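Undergrad: Dropping in my_file26.csv, which is CSV, C-alpha atoms:
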```csv
chain,number,residue,atom,x,y,z
F,1,MET,CA,65.7,277.9,1.5
F,2,THR,CA,63.4,280.9,1.4
F,3,ASP,CA,63.3,283.4,-1.6
F,4,PHE,CA,64.9,286.8,-1.3
F,5,THR,CA,61.9,289.2,-1.5
F,6,PRO,CA,63.2,292.8,-1.3
F,7,LEU,CA,60.2,294.5,-2.8
F,8,LEU,CA,57.5,292.6,-0.9
F,9,SER,CA,59.5,292.9,2.3
F,10,LEU,CA,60.0,296.7,1.8
F,11,LEU,CA,56.3,297.1,1.1
F,12,GLY,CA,55.3,295.0,4.1
F,13,GLY,CA,57.8,297.0,6.3
F,14,ALA,CA,56.3,300.3,5.1
F,15,LEU,CA,52.8,299.0,6.0
F,16,ILE,CA,54.1,298.1,9.5
F,17,GLY,CA,55.4,301.7,9.7
F,18,VAL,CA,52.1,303.2,8.5
F,19,ALA,CA,50.3,301.2,11.3
F,20,ALA,CA,52.8,302.4,13.9
F,21,VAL,CA,52.4,306.0,12.8
F,22,ALA,CA,48.6,305.7,12.7
F,23,LEU,CA,48.5,304.1,16.2
F,24,MET,CA,50.5,307.0,17.6
F,25,ALA,CA,48.6,309.7,15.6
F,26,LEU,CA,45.1,308.4,16.6
F,27,HIS,CA,45.6,306.6,19.8
F,28,GLY,CA,48.8,307.9,21.2
F,29,ARG,CA,50.2,304.4,21.6
F,30,ILE,CA,53.4,302.6,20.7
F,31,ALA,CA,52.8,299.8,18.2
F,32,GLY,CA,54.8,297.3,20.3
F,33,MET,CA,53.2,293.8,20.4
F,34,THR,CA,54.7,293.1,23.8
F,35,GLY,CA,53.1,296.2,25.3
F,36,ILE,CA,49.7,295.8,23.5
F,37,LEU,CA,49.4,292.1,24.4
F,38,GLY,CA,50.8,292.6,27.9
F,39,GLY,CA,48.1,295.1,28.7
F,40,LEU,CA,45.5,292.4,28.2
F,41,LEU,CA,47.1,290.1,30.7
F,42,PRO,CA,45.0,290.5,32.7
F,43,VAL,CA,42.2,292.3,30.9
F,44,ALA,CA,42.2,295.9,32.3
F,45,GLY,CA,40.3,299.1,31.7
F,46,ASP,CA,41.7,300.0,28.3
F,47,TRP,CA,41.2,296.6,26.7
F,48,GLY,CA,39.0,297.7,23.8
F,49,TRP,CA,41.7,299.2,21.5
F,50,ARG,CA,44.2,296.5,22.4
F,51,ALA,CA,41.8,293.6,21.6
F,52,ALA,CA,40.7,295.3,18.4
F,53,PHE,CA,44.3,295.8,17.2
F,54,LEU,CA,45.1,292.1,17.9
F,55,LEU,CA,42.0,291.0,16.2
F,56,GLY,CA,42.8,293.1,13.1
F,57,ALA,CA,46.4,291.8,13.1
F,58,ILE,CA,45.2,288.2,13.2
F,59,ALA,CA,42.4,288.7,10.7
F,60,ALA,CA,44.6,290.4,8.1
F,61,PRO,CA,46.5,287.3,6.8
F,62,ALA,CA,43.3,285.2,7.0
F,63,LEU,CA,41.5,287.8,4.8
F,64,MET,CA,44.4,288.1,2.4
F,65,ILE,CA,44.3,284.3,1.8
F,66,ARG,CA,40.5,283.8,1.8
F,67,ALA,CA,39.3,287.0,0.1
F,68,GLY,CA,42.4,288.3,-1.7
F,69,GLY,CA,43.8,284.9,-3.0
F,70,VAL,CA,47.2,285.9,-1.7
F,71,ALA,CA,49.6,283.1,-1.0
F,72,ILE,CA,51.4,283.6,2.4
F,73,SER,CA,54.4,281.3,2.9
F,74,PHE,CA,54.6,279.6,6.4
F,75,GLU,CA,57.1,277.0,7.5
F,76,SER,CA,58.1,276.3,11.1
F,77,PRO,CA,61.2,274.0,10.7
F,78,VAL,CA,61.6,273.5,14.5
F,79,PRO,CA,60.5,270.5,16.6
F,80,MET,CA,57.4,271.4,18.7
F,81,VAL,CA,59.2,271.0,22.0
F,82,TRP,CA,61.7,273.7,20.9
F,83,THR,CA,58.8,276.0,19.9
F,84,VAL,CA,57.6,275.7,23.5
F,85,VAL,CA,61.1,276.4,24.9
F,86,SER,CA,61.4,279.4,22.5
F,87,GLY,CA,58.0,280.8,23.5
F,88,LEU,CA,58.9,280.6,27.2
F,89,LEU,CA,62.2,282.4,26.6
F,90,VAL,CA,60.6,285.1,24.4
F,91,GLY,CA,57.9,285.7,27.0
F,92,VAL,CA,60.3,286.1,29.9
F,93,GLY,CA,62.8,288.1,27.7
F,94,VAL,CA,60.3,290.7,26.5
F,95,VAL,CA,59.1,291.4,30.1
F,96,TYR,CA,62.6,292.0,31.4
F,97,GLY,CA,63.7,293.6,28.2
F,98,ALA,CA,60.5,295.8,28.1
F,99,GLY,CA,59.8,295.2,24.5
F,100,CYS,CA,60.4,293.2,21.3
F,101,THR,CA,61.1,293.8,17.6
F,102,SER,CA,58.1,296.0,17.0
F,103,GLY,CA,58.3,298.1,20.2
F,104,HIS,CA,62.0,298.5,20.5
F,105,GLY,CA,63.1,297.6,17.0
F,106,ILE,CA,60.7,299.9,15.1
F,107,CYS,CA,58.9,302.4,17.4
F,108,GLY,CA,61.7,302.9,20.0
F,109,ASN,CA,64.5,303.2,17.4
F,110,ALA,CA,62.3,305.6,15.4
F,111,ARG,CA,62.2,307.8,18.5
F,112,LEU,CA,66.0,307.4,18.8
F,113,SER,CA,65.6,305.9,22.3
F,114,PRO,CA,68.9,304.7,23.7
F,115,ARG,CA,67.2,301.8,25.5
F,116,SER,CA,65.7,300.6,22.3
F,117,LEU,CA,68.9,300.8,20.4
F,118,VAL,CA,70.7,298.7,23.1
F,119,ALA,CA,67.8,296.2,23.2
F,120,THR,CA,67.7,295.9,19.5
F,121,VAL,CA,71.5,295.3,19.1
F,122,THR,CA,71.4,292.8,22.0
F,123,PHE,CA,68.5,290.7,20.7
F,124,MET,CA,69.7,290.7,17.1
F,125,LEU,CA,73.2,289.6,18.2
F,126,ALA,CA,71.7,286.9,20.4
F,127,SER,CA,69.5,285.6,17.6
F,128,PHE,CA,72.4,285.5,15.0
F,129,ALA,CA,74.5,283.7,17.6
F,130,THR,CA,71.7,281.2,18.5
F,131,VAL,CA,71.1,280.3,14.9
F,132,PHE,CA,74.8,279.9,14.3
F,133,VAL,CA,75.1,277.6,17.3
F,134,ILE,CA,72.1,275.5,16.4
F,135,ARG,CA,72.7,275.2,12.7
F,136,HIS,CA,76.5,275.2,12.4
F,137,LEU,CA,77.9,274.0,15.7
F,138,ILE,CA,75.4,271.4,16.8
F,139,GLY,CA,74.2,270.6,13.4
F,140,GLY,CA,70.5,271.6,13.7
F,141,PHE,CA,67.6,270.0,15.5
Z,1,MET,CA,35.4,304.9,17.1
Z,2,VAL,CA,38.5,303.9,19.1
Z,3,VAL,CA,37.8,300.2,18.6
Z,4,ILE,CA,37.1,300.6,14.8
Z,5,SER,CA,40.2,302.6,14.3
Z,6,ALA,CA,42.4,300.2,16.3
Z,7,LEU,CA,40.9,297.3,14.3
Z,8,LEU,CA,41.8,298.9,11.0
Z,9,ILE,CA,45.3,299.8,12.2
Z,10,GLY,CA,45.7,296.2,13.3
Z,11,LEU,CA,44.6,295.0,9.9
Z,12,VAL,CA,47.3,297.2,8.3
Z,13,PHE,CA,49.9,295.9,10.8
Z,14,GLY,CA,48.9,292.3,10.1
Z,15,ALA,CA,49.0,292.8,6.4
Z,16,GLY,CA,52.4,294.3,6.6
Z,17,ILE,CA,53.7,291.4,8.7
Z,18,ALA,CA,52.2,288.9,6.3
Z,19,LEU,CA,53.5,290.5,3.1
Z,20,SER,CA,57.0,291.2,4.6
Z,21,GLY,CA,57.6,287.5,5.5
Z,22,MET,CA,57.9,288.2,9.2
Z,23,ALA,CA,55.0,285.7,9.9
Z,24,ASN,CA,57.1,282.9,8.3
Z,25,PRO,CA,59.6,281.5,10.9
Z,26,ALA,CA,61.7,279.8,8.2
Z,27,LYS,CA,62.3,283.1,6.6
Z,28,VAL,CA,63.3,284.8,9.9
Z,29,LEU,CA,65.6,281.9,10.7
Z,30,ASN,CA,67.3,282.2,7.3
Z,31,PHE,CA,67.8,285.9,7.9
Z,32,PHE,CA,69.8,285.0,11.0
Z,33,ASP,CA,71.7,282.3,9.2
Z,34,LEU,CA,74.6,284.4,7.9
Z,35,ALA,CA,76.9,281.3,7.5
Z,36,GLY,CA,74.2,279.3,5.7
Z,37,SER,CA,71.0,279.9,3.7
Z,38,TRP,CA,71.1,283.7,4.4
Z,39,ASP,CA,67.9,285.6,3.3
Z,40,PRO,CA,68.5,289.3,3.7
Z,41,SER,CA,64.8,290.2,3.2
Z,42,LEU,CA,64.3,291.3,6.8
Z,43,ILE,CA,66.7,294.2,6.3
Z,44,PHE,CA,64.1,295.6,3.9
Z,45,VAL,CA,61.3,295.0,6.4
Z,46,MET,CA,63.2,296.9,9.1
Z,47,GLY,CA,64.3,299.6,6.7
Z,48,GLY,CA,60.8,300.2,5.3
Z,49,ALA,CA,59.2,300.2,8.7
Z,50,LEU,CA,61.9,302.4,10.3
Z,51,ALA,CA,61.9,305.0,7.5
Z,52,VAL,CA,58.1,305.4,7.6
Z,53,THR,CA,57.9,305.4,11.4
Z,54,PHE,CA,60.8,307.8,11.8
Z,55,ALA,CA,59.3,310.3,9.4
Z,56,GLY,CA,55.7,309.8,10.6
Z,57,TYR,CA,56.6,310.2,14.3
Z,58,ARG,CA,58.4,313.5,13.6
Z,59,LEU,CA,55.1,315.0,12.3
Z,60,VAL,CA,52.7,313.3,14.7
Z,61,LEU,CA,54.6,314.0,17.9
Z,62,LYS,CA,54.6,317.8,17.1
Z,63,ARG,CA,50.9,317.7,17.7
Z,64,PRO,CA,49.4,318.4,21.2
Z,65,GLY,CA,47.9,314.9,21.4
Z,66,PRO,CA,46.4,312.0,19.6
Z,67,LEU,CA,43.4,312.7,17.3
Z,68,LEU,CA,41.1,310.4,19.2
Z,69,GLY,CA,41.8,312.0,22.6
Z,70,GLY,CA,44.0,311.2,25.6
Z,71,ARG,CA,47.7,311.8,25.5
Z,72,PHE,CA,50.8,310.3,23.8
Z,73,HIS,CA,52.0,307.3,25.9
Z,74,LEU,CA,55.7,307.4,25.4
Z,75,PRO,CA,58.3,305.5,27.5
Z,76,ALA,CA,60.3,308.1,29.5
Z,77,ARG,CA,63.2,305.9,30.8
Z,78,ARG,CA,66.6,306.4,29.2
Z,79,ASP,CA,68.8,304.4,31.6
Z,80,ILE,CA,70.4,301.1,30.5
Z,81,ASP,CA,69.7,298.6,33.3
Z,82,PRO,CA,70.9,295.0,33.4
Z,83,GLY,CA,67.3,293.8,33.0
Z,84,LEU,CA,67.0,295.5,29.6
Z,85,VAL,CA,70.2,293.9,28.3
Z,86,LEU,CA,69.7,290.4,29.9
Z,87,GLY,CA,66.0,290.3,29.0
Z,88,SER,CA,66.7,291.3,25.4
Z,89,ALA,CA,69.4,288.6,25.2
Z,90,VAL,CA,67.0,286.0,26.4
Z,91,PHE,CA,64.4,287.2,23.9
Z,92,GLY,CA,67.0,287.0,21.2
Z,93,VAL,CA,67.9,283.4,22.0
Z,94,GLY,CA,64.2,282.5,22.0
Z,95,TRP,CA,63.7,284.3,18.7
Z,96,GLY,CA,66.7,282.5,17.2
Z,97,ILE,CA,65.4,279.1,18.3
Z,98,SER,CA,62.0,279.2,16.6
Z,99,GLY,CA,62.0,282.3,14.4
Z,100,PHE,CA,58.8,283.6,16.1
Z,101,CYS,CA,58.7,287.0,17.7
Z,102,PRO,CA,55.6,288.6,19.3
Z,103,GLY,CA,54.9,291.0,16.4
Z,104,GLY,CA,55.3,288.2,13.8
Z,105,VAL,CA,53.4,285.4,15.6
Z,106,ILE,CA,50.2,287.2,16.4
Z,107,PRO,CA,49.3,287.8,12.7
Z,108,ALA,CA,50.6,284.2,12.1
Z,109,LEU,CA,47.7,283.0,14.2
Z,110,GLY,CA,45.5,284.0,11.3
Z,111,LEU,CA,47.2,281.4,9.1
Z,112,MET,CA,45.3,278.7,11.0
Z,113,ARG,CA,48.4,276.6,11.7
Z,114,PHE,CA,49.2,274.8,14.9
Z,115,GLU,CA,52.7,276.1,15.7
Z,116,PRO,CA,51.8,279.8,16.3
Z,117,VAL,CA,49.1,278.7,18.8
Z,118,VAL,CA,51.6,276.6,20.7
Z,119,PHE,CA,54.2,279.4,20.6
Z,120,VAL,CA,51.7,282.0,21.8
Z,121,ALA,CA,50.5,279.8,24.7
Z,122,ALA,CA,54.2,279.3,25.8
Z,123,MET,CA,54.9,283.0,25.3
Z,124,VAL,CA,52.0,284.1,27.5
Z,125,THR,CA,53.1,281.6,30.1
Z,126,GLY,CA,56.6,283.1,30.0
Z,127,ILE,CA,55.2,286.7,30.3
Z,128,LEU,CA,53.1,285.8,33.4
Z,129,LEU,CA,56.0,283.8,34.9
Z,130,ALA,CA,58.4,286.8,34.4
Z,131,ARG,CA,56.0,289.2,36.0
Z,132,ILE,CA,55.9,287.0,39.2
Z,133,LEU,CA,59.7,286.7,39.2
Z,134,LYS,CA,60.0,290.4,38.8
Z,135,ARG,CA,57.6,291.2,41.6
Z,136,GLN,CA,59.6,289.0,43.9
Z,137,ASP,CA,62.8,290.7,42.9
Z,138,LEU,CA,61.3,294.1,43.6
Z,139,SER,CA,59.9,293.1,47.0
Z,140,ALA,CA,63.2,291.5,47.9
Z,141,ALA,CA,65.0,294.8,47.2
Z,142,PRO,CA,62.7,297.4,48.5
Z,143,GLY,CA,64.9,300.4,47.7
Z,144,ARG,CA,64.7,299.8,44.0
Z,145,GLN,CA,62.6,301.7,41.5
Z,146,GLY,CA,59.7,299.8,40.0
Z,147,VAL,CA,59.1,299.6,36.3
```
With the file now loaded, output its structure as structure tokens.

TA:
Amino acid sequence: MTDFTPLLSLLGGALIGVAAVALMALHGRIAGMTGILGGLLPVAGDWGWRAAFLLGAIAAPALMIRAGGVAISFESPVPMVWTVVSGLLVGVGVVYGAGCTSGHGICGNARLSPRSLVATVTFMLASFATVFVIRHLIGGF
Amino acid sequence: MVVISALLIGLVFGAGIALSGMANPAKVLNFFDLAGSWDPSLIFVMGGALAVTFAGYRLVLKRPGPLLGGRFHLPARRDIDPGLVLGSAVFGVGWGISGFCPGGVIPALGLMRFEPVVFVAAMVTGILLARILKRQDLSAAPGRQGV
């Protein structure tokens, strides 16, 4: 079980939105993790802002824990081999699907992009179905 | 200037992911578990992020360009191709297996746990693999438009 955290989640979501708006306002870029990370594979001409964004994103939780004394829950209830399978599928999927939860789900939908709406509905449905199959049809890992 | 700004924006993004619960795979999986231990928190993450981004983009995209120079890099495609749907479905299956998505797992690296590192390594492998596959697809069908 995880606790229902409507206020923290709303606040966190709003911060994600602030970051997305700021990245567009200042850098003219979509805050999609697939696109930002993908642009570093391999490292190309405009790697500076991409690497800095990733570094900031990784540093934030570490700073919150170390400097802010904030507790951040983390639990990965899946066997490691399935984490690997999942990572491979996510990597392949976001290349063909041209984006993920941040790029399509937030930035694309905020622009009312029809491609992002289709992508978001598709990956959400697939995730709901996958969890149902794993937890309720085959009884979990 | 560009690097400092991107670093600060990354910090805000990472803090938002961490506070919202998106960096916690157990919480994400419970959101998808409608028939079991359902945790609706992620609706609030999506709602908060979409409301701010929708309103903010309205104002920002009226401007002639980004404040730090250059232009707005906005995807122009509007067609729904099979790759978009199939790729998104594959991504969704992967997300449903582990509860990790790219935007959630990168900040989760800062939690100094082993699983996000393993996931990111596999995900990067998947990205590079898909690019090779895609390039072969395109060269096999020369009339098709590249992405």

Undergrad: What is the CA of Ile80 in chain Z-CA of Met24 in chain F distance in Å, reported with one decimal?

TA: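 So the two atoms, CA of Ile80 in chain Z and CA of Met24 in chain F, lie 24.4 Å apart.
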
Undergrad: For CA of Val84 in chain F and CA of Pro107 in chain Z, quote the distance in Å rounded to one decimal.

TA: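 Answer for the CA of Val84 in chain F to CA of Pro107 in chain Z separation: 18.2 Å.
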
Undergrad: Give me the residues near Phe100 in chain Z as a PyMOL selection string, where near means some atom within 9 Å (using only C-alpha atoms) and where sequence neighbours in that chain fewer than 6 positions away do not count.

TA: (chain F and resi 76+83+86-87+90) or (chain Z and resi 22-25+28-29+94+116+119)

Undergrad: Which residue gives the smallest distance to Ala51 in chain F among F:Ala25, F:Leu63, F:Ile36, F:Val131, with all atoms listed in the file counted?

TA: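 Smallest distance to Ala51 in chain F is found for F:Ile36.
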
Undergrad: Report, as AutoDock Vina command-line options, the centre and edge lengths in Å (one decimal) of the axis-aligned box enclosing every listed atom of range 107-124 of chain Z, padded by 6 Å on each side.

TA:
```
--center_x 50.1 --center_y 281.3 --center_z 18.3 --size_x 21.6 --size_y 25.0 --size_z 30.4
```

Undergrad: Please determine, counting all atoms listed in the file, which residue among F:Val70, F:Leu117, F:Ile134, F:Ala14 has the shortest atom-to-atom distance to chain Z.

TA: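 Looking only at the distances to chain Z, the closest residue turns out to be F:Ala14.
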
Undergrad: To one decimal in Å, tell me the separation between CA of Ser88 in chain Z and CA of Phe32 in chain Z.

TA: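 Going from CA of Ser88 in chain Z over to CA of Phe32 in chain Z, I get 16.0 Å.
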
Undergrad: What's around range 42-59 of chain Z at 7 Å? Count all atoms listed in the file, leave out sequence neighbours fewer than 6 positions away in its own chain, and write the answer as a list in words.

TA: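 Those residues are Pro6, Ser9, Leu10, Leu11, Gly12, Gly13, Ala14, Ile16, Gly17, Val18, Ala20, Val21, Ile106, Cys107, Ala110 and Arg111 of chain F; Ser20 and Phe31 of chain Z.
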
Undergrad: Could those selected residues go to a file with C-alpha atoms, as a JSON list (two decimals), in the frame of the given file?

TA:
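Below you can see again.json, which holds the result:
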```json
[["chain", "number", "residue", "atom", "x", "y", "z"],
["F", 6, "PRO", "CA", 63.20, 292.80, -1.30],
["F", 9, "SER", "CA", 59.50, 292.90, 2.30],
["F", 10, "LEU", "CA", 60.00, 296.70, 1.80],
["F", 11, "LEU", "CA", 56.30, 297.10, 1.10],
["F", 12, "GLY", "CA", 55.30, 295.00, 4.10],
["F", 13, "GLY", "CA", 57.80, 297.00, 6.30],
["F", 14, "ALA", "CA", 56.30, 300.30, 5.10],
["F", 16, "ILE", "CA", 54.10, 298.10, 9.50],
["F", 17, "GLY", "CA", 55.40, 301.70, 9.70],
["F", 18, "VAL", "CA", 52.10, 303.20, 8.50],
["F", 20, "ALA", "CA", 52.80, 302.40, 13.90],
["F", 21, "VAL", "CA", 52.40, 306.00, 12.80],
["F", 106, "ILE", "CA", 60.70, 299.90, 15.10],
["F", 107, "CYS", "CA", 58.90, 302.40, 17.40],
["F", 110, "ALA", "CA", 62.30, 305.60, 15.40],
["F", 111, "ARG", "CA", 62.20, 307.80, 18.50],
["Z", 20, "SER", "CA", 57.00, 291.20, 4.60],
["Z", 31, "PHE", "CA", 67.80, 285.90, 7.90]]
```

Undergrad: My list of candidates is F:Val43, F:Val118, F:Ile138, F:Ala126. Which is closest to Arg78 in chain Z when distances are computed with only C-alpha atoms?

TA: F:Val118

Undergrad: Which residues are near Leu111 in chain Z? Cut-off 12 Å, all atoms listed in the file, ignore same chain within fewer than 2 positions. Put them as a compact mmCIF listing (two decimals) with C-alpha atoms, in the frame of the given file.

TA:
```txt
# COMPACT_ATOMS: atom_id res chain seq x y z
CA ALA F 57 46.40 291.80 13.10
CA ILE F 58 45.20 288.20 13.20
CA ALA F 59 42.40 288.70 10.70
CA ALA F 60 44.60 290.40 8.10
CA PRO F 61 46.50 287.30 6.80
CA ALA F 62 43.30 285.20 7.00
CA LEU F 63 41.50 287.80 4.80
CA MET F 64 44.40 288.10 2.40
CA ILE F 65 44.30 284.30 1.80
CA ARG F 66 40.50 283.80 1.80
CA VAL F 70 47.20 285.90 -1.70
CA ALA F 71 49.60 283.10 -1.00
CA ILE F 72 51.40 283.60 2.40
CA SER F 73 54.40 281.30 2.90
CA PHE F 74 54.60 279.60 6.40
CA GLU F 75 57.10 277.00 7.50
CA GLY Z 14 48.90 292.30 10.10
CA ALA Z 15 49.00 292.80 6.40
CA ILE Z 17 53.70 291.40 8.70
CA ALA Z 18 52.20 288.90 6.30
CA ALA Z 23 55.00 285.70 9.90
CA ASN Z 24 57.10 282.90 8.30
CA GLY Z 104 55.30 288.20 13.80
CA VAL Z 105 53.40 285.40 15.60
CA ILE Z 106 50.20 287.20 16.40
CA PRO Z 107 49.30 287.80 12.70
CA ALA Z 108 50.60 284.20 12.10
CA LEU Z 109 47.70 283.00 14.20
CA ARG Z 113 48.40 276.60 11.70
CA PHE Z 114 49.20 274.80 14.90
CA GLU Z 115 52.70 276.10 15.70
CA PRO Z 116 51.80 279.80 16.30
CA VAL Z 117 49.10 278.70 18.80
```

Undergrad: Identify which of the residues Z:Leu84, Z:Ile4, Z:Leu128, Z:Gly99 lies closest to chain F, counting all atoms listed in the file when measuring atom-to-atom distances.

TA: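 Closest candidate: Z:Leu84.
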